file data.cif (mmCIF, C-alpha atoms and all ligand atoms)
data_entry
loop_
_atom_site.label_atom_id
_atom_site.label_comp_id
_atom_site.auth_asym_id
_atom_site.auth_seq_id
_atom_site.Cartn_x
_atom_site.Cartn_y
_atom_site.Cartn_z
CA MET A 1 60.77 -3.08 -17.53
CA THR A 2 59.51 -1.12 -20.54
CA ASN A 3 58.58 -3.20 -23.64
CA ASN A 4 60.34 -6.25 -22.19
CA VAL A 5 63.65 -4.39 -22.41
CA LYS A 6 65.99 -5.73 -19.72
CA HIS A 7 67.29 -2.59 -18.02
CA PHE A 8 69.76 -2.76 -15.09
CA LEU A 9 68.73 0.35 -13.15
CA ASN A 10 67.87 -0.65 -9.56
CA LEU A 11 68.70 -4.00 -7.95
CA SER A 12 65.22 -4.08 -6.45
CA ASP A 13 63.65 -4.11 -9.96
CA ILE A 14 65.17 -7.55 -10.58
CA LYS A 15 64.10 -10.85 -9.02
CA PRO A 16 66.63 -12.24 -6.49
CA GLU A 17 66.94 -15.51 -8.44
CA GLU A 18 67.87 -13.54 -11.58
CA LEU A 19 70.47 -11.52 -9.64
CA ARG A 20 71.93 -14.77 -8.30
CA GLY A 21 71.98 -16.15 -11.85
CA ILE A 22 73.94 -13.09 -12.99
CA LEU A 23 76.47 -13.65 -10.19
CA LYS A 24 76.79 -17.33 -11.05
CA ASN A 25 77.61 -16.36 -14.63
CA ALA A 26 80.06 -13.73 -13.37
CA HIS A 27 82.00 -16.44 -11.48
CA ALA A 28 81.91 -18.68 -14.59
CA LEU A 29 83.07 -15.86 -16.89
CA LYS A 30 85.95 -15.07 -14.52
CA LYS A 31 87.19 -18.65 -14.96
CA LEU A 32 87.20 -17.97 -18.73
CA LYS A 33 89.21 -14.75 -18.31
CA TYR A 34 91.89 -15.90 -20.78
CA ASN A 35 89.47 -17.68 -23.13
CA PRO A 36 86.49 -15.30 -23.23
CA PRO A 37 83.44 -16.61 -25.12
CA GLN A 38 82.63 -14.30 -28.06
CA ILE A 39 79.05 -13.72 -26.89
CA PHE A 40 78.90 -10.00 -27.75
CA GLN A 41 80.04 -10.38 -31.38
CA GLY A 42 78.41 -7.73 -33.56
CA LEU A 43 76.94 -5.87 -30.55
CA SER A 44 77.78 -2.32 -29.46
CA LEU A 45 77.59 -0.56 -26.11
CA ALA A 46 77.35 3.23 -25.79
CA MET A 47 78.80 4.68 -22.59
CA MET A 48 77.83 8.16 -21.42
CA PHE A 49 79.40 10.01 -18.48
CA ASP A 50 78.57 13.25 -16.69
CA LYS A 51 81.26 12.51 -14.02
CA ARG A 52 84.78 11.16 -13.76
CA SER A 53 85.44 7.40 -13.88
CA THR A 54 88.37 4.99 -14.10
CA ARG A 55 86.95 1.57 -13.17
CA THR A 56 83.46 1.85 -14.61
CA ARG A 57 84.63 3.14 -17.95
CA MET A 58 87.55 0.74 -18.36
CA SER A 59 85.83 -2.39 -17.04
CA PHE A 60 82.78 -1.95 -19.28
CA GLU A 61 85.00 -1.27 -22.27
CA VAL A 62 87.17 -4.33 -21.64
CA ALA A 63 84.10 -6.47 -20.82
CA MET A 64 82.54 -5.73 -24.22
CA LYS A 65 85.76 -6.03 -26.21
CA GLN A 66 87.13 -9.23 -24.62
CA ASN A 67 83.85 -10.92 -25.50
CA GLY A 68 83.74 -9.73 -29.09
CA GLY A 69 81.69 -6.51 -28.82
CA HIS A 70 82.29 -2.83 -29.51
CA THR A 71 82.04 0.34 -27.41
CA ILE A 72 81.68 4.07 -27.92
CA VAL A 73 82.33 6.47 -25.05
CA MET A 74 80.87 9.97 -24.85
CA ASN A 75 81.33 12.72 -22.31
CA MET A 76 77.79 14.08 -21.92
CA GLY A 77 79.07 17.66 -22.08
CA GLU A 78 80.18 16.94 -25.64
CA MET A 79 76.83 15.45 -26.72
CA GLN A 80 73.81 17.41 -27.95
CA ILE A 81 72.01 16.28 -24.77
CA GLY A 82 74.40 18.67 -22.98
CA GLY A 83 72.86 21.43 -25.12
CA SER A 84 69.23 21.41 -26.16
CA GLU A 85 68.45 17.87 -27.37
CA SER A 86 65.86 16.10 -25.23
CA ILE A 87 66.37 12.83 -23.36
CA GLU A 88 63.60 11.29 -25.50
CA SER A 89 65.26 12.22 -28.79
CA THR A 90 68.67 11.05 -27.56
CA ALA A 91 67.16 7.74 -26.40
CA ASN A 92 65.48 7.13 -29.75
CA VAL A 93 68.59 7.96 -31.77
CA LEU A 94 70.93 5.80 -29.64
CA SER A 95 68.47 2.91 -29.92
CA ARG A 96 69.08 2.96 -33.70
CA TYR A 97 72.89 2.86 -33.37
CA VAL A 98 73.81 0.58 -30.47
CA ASP A 99 72.46 -2.42 -28.56
CA ALA A 100 72.78 -1.12 -24.98
CA ILE A 101 73.64 2.06 -23.06
CA MET A 102 75.68 2.31 -19.86
CA ILE A 103 75.33 5.73 -18.28
CA ARG A 104 76.91 7.45 -15.27
CA ILE A 105 74.62 10.35 -14.50
CA SER A 106 74.15 12.34 -11.29
CA ASP A 107 70.36 12.58 -11.41
CA HIS A 108 68.70 9.17 -10.93
CA GLU A 109 65.39 10.42 -12.34
CA THR A 110 67.10 11.29 -15.63
CA LEU A 111 68.42 7.71 -15.80
CA ILE A 112 64.86 6.38 -15.36
CA GLU A 113 63.54 8.88 -17.92
CA LEU A 114 66.14 7.74 -20.46
CA SER A 115 65.21 4.09 -19.91
CA LYS A 116 61.54 4.87 -20.58
CA HIS A 117 62.34 6.10 -24.07
CA THR A 118 64.95 3.60 -25.27
CA GLN A 119 64.21 0.40 -27.15
CA ILE A 120 67.50 -1.05 -25.83
CA PRO A 121 68.72 -1.86 -22.29
CA VAL A 122 70.05 0.93 -20.07
CA ILE A 123 72.60 0.11 -17.34
CA ASN A 124 73.08 2.30 -14.27
CA GLY A 125 76.80 3.13 -14.16
CA MET A 126 76.20 5.14 -10.95
CA THR A 127 73.88 7.97 -9.99
CA ASP A 128 73.80 10.09 -6.85
CA LYS A 129 71.29 7.55 -5.53
CA SER A 130 72.84 4.19 -6.35
CA HIS A 131 75.69 2.12 -7.81
CA PRO A 132 74.31 -1.37 -8.54
CA CYS A 133 77.21 -2.61 -10.73
CA GLN A 134 79.61 -1.93 -7.85
CA ILE A 135 77.52 -3.91 -5.38
CA MET A 136 77.26 -6.91 -7.76
CA ALA A 137 81.10 -6.92 -7.95
CA ASP A 138 81.33 -6.53 -4.17
CA ILE A 139 79.00 -9.46 -3.49
CA MET A 140 80.97 -11.54 -5.98
CA THR A 141 84.16 -10.65 -4.06
CA ILE A 142 82.63 -11.58 -0.70
CA GLU A 143 81.54 -14.93 -2.14
CA GLU A 144 85.06 -15.60 -3.44
CA LYS A 145 86.73 -14.72 -0.16
CA LEU A 146 84.21 -15.92 2.42
CA GLY A 147 81.71 -18.24 0.69
CA SER A 148 77.96 -17.69 0.35
CA ILE A 149 76.82 -14.11 1.09
CA GLU A 150 73.72 -15.43 2.84
CA GLY A 151 73.78 -14.64 6.58
CA LYS A 152 77.08 -12.73 6.44
CA LYS A 153 77.37 -9.55 8.52
CA ILE A 154 78.48 -6.54 6.47
CA ALA A 155 79.33 -3.37 8.42
CA TRP A 156 79.47 0.00 6.63
CA PHE A 157 81.26 3.02 8.17
CA GLY A 158 81.29 6.74 7.35
CA ASP A 159 79.02 8.62 4.97
CA SER A 160 75.54 7.76 3.71
CA ASN A 161 75.81 7.74 -0.09
CA ASN A 162 75.04 6.02 -3.38
CA VAL A 163 77.16 2.96 -2.51
CA SER A 164 75.70 2.49 1.00
CA ASN A 165 72.19 2.97 -0.45
CA THR A 166 72.81 0.07 -2.82
CA PHE A 167 74.10 -2.19 -0.03
CA ILE A 168 70.81 -1.40 1.76
CA GLU A 169 68.88 -2.36 -1.39
CA ALA A 170 70.91 -5.57 -1.80
CA ALA A 171 70.68 -6.87 1.80
CA PRO A 172 67.15 -8.37 1.64
CA LEU A 173 67.64 -9.56 -1.95
CA PHE A 174 70.82 -11.51 -1.12
CA GLU A 175 69.80 -12.19 2.51
CA PHE A 176 72.80 -10.73 4.31
CA GLU A 177 72.88 -8.70 7.53
CA LEU A 178 73.84 -5.05 7.06
CA ILE A 179 74.62 -2.44 9.71
CA LEU A 180 75.66 1.14 9.02
CA ALA A 181 77.76 3.11 11.52
CA LEU A 182 77.32 6.80 10.69
CA PRO A 183 77.49 10.14 12.51
CA GLU A 184 74.18 10.75 14.30
CA ASP A 185 73.14 13.72 12.15
CA LEU A 186 73.18 11.55 9.00
CA HIS A 187 70.80 8.91 10.31
CA ASP A 188 67.75 10.62 8.82
CA GLN A 189 69.34 10.51 5.34
CA VAL A 190 69.44 6.73 5.35
CA PRO A 191 66.66 4.90 3.45
CA ALA A 192 63.90 3.56 5.73
CA GLY A 193 64.29 0.09 7.19
CA ALA A 194 68.09 0.07 7.34
CA ASN A 195 69.91 -0.87 10.55
CA VAL A 196 71.81 2.31 11.55
CA THR A 197 73.92 3.09 14.61
CA ALA A 198 76.45 5.68 15.75
CA ASP A 199 78.28 2.98 17.73
CA ILE A 200 81.29 1.66 15.79
CA LYS A 201 81.88 -1.24 18.23
CA LYS A 202 78.33 -2.50 17.78
CA ALA A 203 78.71 -2.35 13.99
CA ALA A 204 82.12 -4.04 13.87
CA LYS A 205 81.36 -6.82 16.36
CA ASN A 206 81.27 -10.21 14.57
CA ALA A 207 81.33 -8.51 11.17
CA ASP A 208 82.56 -10.52 8.17
CA ALA A 209 83.38 -7.43 6.10
CA LEU A 210 84.08 -3.81 7.00
CA VAL A 211 83.23 -1.44 4.16
CA THR A 212 83.67 2.27 3.59
CA ASP A 213 83.79 4.87 0.82
CA THR A 214 84.89 8.47 0.42
CA TRP A 215 83.47 11.04 2.84
CA ILE A 216 83.07 13.46 -0.10
CA SER A 217 81.29 11.95 -3.10
CA MET A 218 81.65 13.51 -6.54
CA GLY A 219 79.55 16.64 -6.73
CA GLN A 220 79.76 17.32 -2.96
CA GLU A 221 83.25 18.88 -3.04
CA ASP A 222 82.11 22.47 -2.52
CA ASP A 223 79.60 21.58 0.22
CA LYS A 224 81.91 19.53 2.43
CA LYS A 225 85.51 20.52 1.68
CA GLY A 226 87.59 21.61 4.65
CA ASN A 227 84.77 22.27 7.10
CA ASP A 228 83.55 20.55 10.25
CA ASP A 229 81.55 18.13 8.14
CA ILE A 230 84.71 16.15 7.55
CA LYS A 231 85.82 16.07 11.20
CA LYS A 232 82.62 14.35 12.25
CA PHE A 233 83.58 11.30 10.13
CA GLN A 234 86.96 10.78 11.85
CA PRO A 235 85.68 8.29 14.49
CA TYR A 236 84.30 6.18 11.62
CA GLN A 237 87.67 5.69 9.92
CA ILE A 238 88.46 2.01 9.30
CA ASN A 239 91.83 1.41 10.96
CA SER A 240 93.62 -1.47 12.71
CA GLU A 241 91.74 -0.87 15.95
CA LEU A 242 88.37 -1.11 14.20
CA MET A 243 89.43 -4.16 12.15
CA GLY A 244 90.43 -5.77 15.49
CA MET A 245 86.81 -5.52 16.68
CA ALA A 246 85.50 -7.61 13.75
CA LYS A 247 85.84 -11.36 13.16
CA ASP A 248 89.43 -12.62 12.79
CA SER A 249 88.58 -13.58 9.21
CA ALA A 250 87.06 -10.15 8.36
CA ILE A 251 87.96 -8.45 5.09
CA PHE A 252 88.25 -4.74 4.26
CA MET A 253 86.31 -3.43 1.25
CA HIS A 254 86.20 -0.13 -0.65
CA CYS A 255 84.84 0.60 -4.13
CA LEU A 256 87.80 2.97 -4.83
CA PRO A 257 89.12 5.58 -5.25
CA ILE A 258 90.49 5.63 -1.69
CA HIS A 259 91.50 8.68 0.35
CA GLU A 260 94.13 7.19 2.63
CA TRP A 261 94.06 8.42 6.22
CA GLU A 262 90.55 9.77 5.72
CA GLU A 263 88.00 6.92 5.53
CA VAL A 264 90.68 4.20 5.89
CA SER A 265 94.16 4.05 7.35
CA GLU A 266 96.92 3.27 4.87
CA ASN A 267 98.04 0.17 6.79
CA VAL A 268 94.55 -1.40 6.56
CA ALA A 269 94.09 -0.44 2.89
CA LYS A 270 97.40 -2.11 2.05
CA SER A 271 97.11 -5.09 4.42
CA PRO A 272 96.38 -8.71 3.46
CA VAL A 273 92.76 -8.33 4.67
CA SER A 274 92.15 -5.65 2.05
CA VAL A 275 90.33 -6.99 -1.04
CA ILE A 276 90.06 -3.65 -2.86
CA TYR A 277 91.78 -4.75 -6.06
CA ASP A 278 89.75 -7.97 -6.22
CA GLU A 279 86.62 -5.79 -6.06
CA ALA A 280 88.00 -3.62 -8.86
CA GLU A 281 88.79 -6.68 -11.00
CA ASN A 282 85.39 -8.20 -10.32
CA ARG A 283 83.72 -5.12 -11.83
CA LEU A 284 84.92 -6.59 -15.15
CA HIS A 285 83.50 -10.09 -14.62
CA ALA A 286 80.25 -8.99 -12.95
CA GLN A 287 79.59 -6.52 -15.76
CA LYS A 288 80.15 -9.16 -18.45
CA ALA A 289 77.36 -11.12 -16.78
CA ILE A 290 75.16 -8.02 -16.40
CA LEU A 291 75.66 -7.17 -20.09
CA ALA A 292 74.84 -10.75 -21.08
CA TRP A 293 71.61 -10.63 -19.03
CA CYS A 294 70.62 -7.27 -20.53
CA LEU A 295 71.43 -8.39 -24.07
CA GLU A 296 69.49 -11.66 -24.01
CA ASN A 297 66.84 -10.08 -26.27
CA SER A 298 69.62 -9.29 -28.75
CA GLY A 299 70.43 -12.99 -29.00
CA VAL A 300 73.06 -13.41 -26.28
CA SER A 301 72.32 -16.81 -24.76
CA ILE A 302 74.63 -17.20 -21.82
CA GLN A 303 72.27 -19.57 -19.99
CA GLU A 304 72.90 -22.25 -22.61
CA ARG A 305 76.60 -22.10 -21.80
CA PHE A 306 76.57 -21.79 -18.04
CA ALA A 307 73.10 -23.04 -17.01
CA PHE A 308 71.59 -21.00 -14.16
N1 LIG A 401 84.24 2.39 -8.08
C1 LIG A 401 84.00 3.12 -9.21
O1 LIG A 401 82.86 3.19 -9.71
O2 LIG A 401 85.10 3.70 -9.74
P1 LIG A 401 85.15 4.79 -10.92
O3 LIG A 401 84.54 6.05 -10.39
O4 LIG A 401 86.59 4.92 -11.24
O5 LIG A 401 84.34 4.27 -12.08
N1 LIG A 402 80.40 7.63 -3.47
C1 LIG A 402 81.39 7.84 -4.52
C2 LIG A 402 81.58 6.58 -5.29
C3 LIG A 402 82.62 6.69 -6.39
C4 LIG A 402 82.80 5.41 -7.14
C5 LIG A 402 80.96 8.97 -5.41
O1 LIG A 402 79.77 9.08 -5.74
O2 LIG A 402 81.81 9.79 -5.77
#
call {"tool": "encode", "arguments": {"input": "data.cif", "output": "structure tokens"}}
result
Amino acid sequence: MTNNVKHFLNLSDIKPEELRGILKNAHALKKLKYNPPQIFQGLSLAMMFDKRSTRTRMSFEVAMKQNGGHTIVMNMGEMQIGGSESIESTANVLSRYVDAIMIRISDHETLIELSKHTQIPVINGMTDKSHPCQIMADIMTIEEKLGSIEGKKIAWFGDSNNVSNTFIEAAPLFEFELILALPEDLHDQVPAGANVTADIKKAAKNADALVTDTWISMGQEDDKKGNDDIKKFQPYQINSELMGMAKDSAIFMHCLPIHEWEEVSENVAKSPVSVIYDEAENRLHAQKAILAWCLENSGVSIQERFAF
């Protein structure tokens, strides 16, 4: 953390007990969905995007507004930072206007650079390396559906990407078992220490949750489109047969957007074991709690209300 500013950049920067506290508040705030405490009154969040978004943009906007705050959204191509203004100058100026920044930016190092120059919290709204807000919502969803995350077996299938990287980061912090089933040639792209296999049966066996994501992340369209790269993922599709190899109580998870009949079959995506829309909703509640944690130095005192 720079100057005691509470950034939300990498899960591994934050103590596990603080992450658990954020999740506890997320559950509490969800119960207050129709009576949201006005904890962000007078506070503003700037949101910057260099990529498309539906959930991240809308859930942050609603999270701030339901709880009394304000938002401003900027496409980075329309800001001076998309021209010649430096990250440092942009960071200093935004720090004078708003109380926090949420940014979706491809280059993770630029996110870190921005956070070094702001006097206000910066939240990682997804980079090519990670997607911590998504994983907080996913863990919240697992807890709702299956109870404590501790000791659960989560099995990931398909590509190695920003979302799988963040599950890898989260596993030791939240003490769950994680296995990734990926095509052999991707194994060396996976961060060190992760449990990786090419064997889908091994991954699915006794799993509590089967998780996947697109085989072509944003920015990779030209590299992967229509070539053999896509065919290699086919055996890793989550379908009824694969779900049948997991625990009877297993759930299907996906951060969305889905590409039906690519990474998941339509019948699984639309089946009762699919919790995809709960995950999407929980982005809203988890992010309220993340914002409250980040904004503590601006006077938001959520602990007094919900006691960690
Ligand atoms: N899951 C997710 O981050 O969705 P968006 O790209 O729509 O924000
Ligand atoms: N891995 C995907 C996640 C989208 C929310 C991407 O980066 O496009």
call {"tool": "closest_atom_pairs", "arguments": {"input": "data.cif", "of": "stretch 101-191 of chain A", "to": "stretch 30-48 of chain A", "cutoff": "10 Å", "atoms": "only C-alpha atoms", "output": "JSON lines"}}
result
{"residue": "A:Ile101", "atom": "CA", "partner": "A:Ala46", "partner_atom": "CA", "distance": 4.8}
{"residue": "A:Met102", "atom": "CA", "partner": "A:Met47", "partner_atom": "CA", "distance": 4.8}
{"residue": "A:Ile103", "atom": "CA", "partner": "A:Met48", "partner_atom": "CA", "distance": 4.7}
{"residue": "A:Arg104", "atom": "CA", "partner": "A:Met48", "partner_atom": "CA", "distance": 6.3}
{"residue": "A:Ile105", "atom": "CA", "partner": "A:Met48", "partner_atom": "CA", "distance": 7.9}
{"residue": "A:Pro121", "atom": "CA", "partner": "A:Leu45", "partner_atom": "CA", "distance": 9.7}
{"residue": "A:Val122", "atom": "CA", "partner": "A:Ala46", "partner_atom": "CA", "distance": 9.6}
{"residue": "A:Ile123", "atom": "CA", "partner": "A:Met47", "partner_atom": "CA", "distance": 9.3}
{"residue": "A:Gly125", "atom": "CA", "partner": "A:Met47", "partner_atom": "CA", "distance": 8.8}
call {"tool": "atom_distance", "arguments": {"input": "data.cif", "atom1": "atom CA of A:Thr141", "atom2": "atom CA of A:Ala250"}}
result
12.8 Å
call {"tool": "closest_residue", "arguments": {"input": "data.cif", "among": "A:Ser59, A:Gln189, A:Ser86, A:Gln220", "to": "ligand LIG 402 (chain A)", "atoms": "only C-alpha atoms and all ligand atoms"}}
result
A:Gln220
call {"tool": "residues_around", "arguments": {"input": "data.cif", "residues": "A:Pro16", "least_positions_apart": "3", "cutoff": "7 Å", "atoms": "all atoms listed in the file", "output": "ChimeraX atom specification"}}
result
/A:19-20,173-174
call {"tool": "residues_near_ligand", "arguments": {"input": "data.cif", "ligand": "ligand LIG 402 (chain A)", "cutoff": "10 Å", "atoms": "all atoms listed in the file", "output": "PyMOL selection string"}}
result
chain A and resi 51-56+106+125-131+134+159-165+212-221+254-258
call {"tool": "write_last_selection", "arguments": {"input": "data.cif", "atoms": "C-alpha atoms", "output": "compact mmCIF listing (two decimals), in the coordinates of the input"}}
result
# COMPACT_ATOMS: atom_id res chain seq x y z
CA LYS A 51 81.26 12.51 -14.02
CA ARG A 52 84.78 11.16 -13.76
CA SER A 53 85.44 7.40 -13.88
CA THR A 54 88.37 4.99 -14.10
CA ARG A 55 86.95 1.57 -13.17
CA THR A 56 83.46 1.85 -14.61
CA SER A 106 74.15 12.34 -11.29
CA GLY A 125 76.80 3.13 -14.16
CA MET A 126 76.20 5.14 -10.95
CA THR A 127 73.88 7.97 -9.99
CA ASP A 128 73.80 10.09 -6.85
CA LYS A 129 71.29 7.55 -5.53
CA SER A 130 72.84 4.19 -6.35
CA HIS A 131 75.69 2.12 -7.81
CA GLN A 134 79.61 -1.93 -7.85
CA ASP A 159 79.02 8.62 4.97
CA SER A 160 75.54 7.76 3.71
CA ASN A 161 75.81 7.74 -0.09
CA ASN A 162 75.04 6.02 -3.38
CA VAL A 163 77.16 2.96 -2.51
CA SER A 164 75.70 2.49 1.00
CA ASN A 165 72.19 2.97 -0.45
CA THR A 212 83.67 2.27 3.59
CA ASP A 213 83.79 4.87 0.82
CA THR A 214 84.89 8.47 0.42
CA TRP A 215 83.47 11.04 2.84
CA ILE A 216 83.07 13.46 -0.10
CA SER A 217 81.29 11.95 -3.10
CA MET A 218 81.65 13.51 -6.54
CA GLY A 219 79.55 16.64 -6.73
CA GLN A 220 79.76 17.32 -2.96
CA GLU A 221 83.25 18.88 -3.04
CA HIS A 254 86.20 -0.13 -0.65
CA CYS A 255 84.84 0.60 -4.13
CA LEU A 256 87.80 2.97 -4.83
CA PRO A 257 89.12 5.58 -5.25
CA ILE A 258 90.49 5.63 -1.69
call {"tool": "axis_aligned_box", "arguments": {"input": "data.cif", "around": "ligand LIG 401 (chain A)", "padding_each_side": "4 Å", "output": "JSON"}}
result
{"center_x": 84.7, "center_y": 4.2, "center_z": -10.1, "size_x": 11.7, "size_y": 11.7, "size_z": 12.0}
call {"tool": "residues_around", "arguments": {"input": "data.cif", "residues": "A:Lys153", "least_positions_apart": "3", "cutoff": "7 Å", "atoms": "only C-alpha atoms", "output": "ChimeraX atom specification"}}
result
/A:176-178,207-209
call {"tool": "atom_distance", "arguments": {"input": "data.cif", "atom1": "atom CA of A:Lys231", "atom2": "atom C1 of ligand LIG 401 (chain A)"}}
result
24.2 Å
call {"tool": "atom_distance", "arguments": {"input": "data.cif", "atom1": "atom CA of A:Gly193", "atom2": "atom O1 of ligand LIG 401 (chain A)"}}
result
25.3 Å
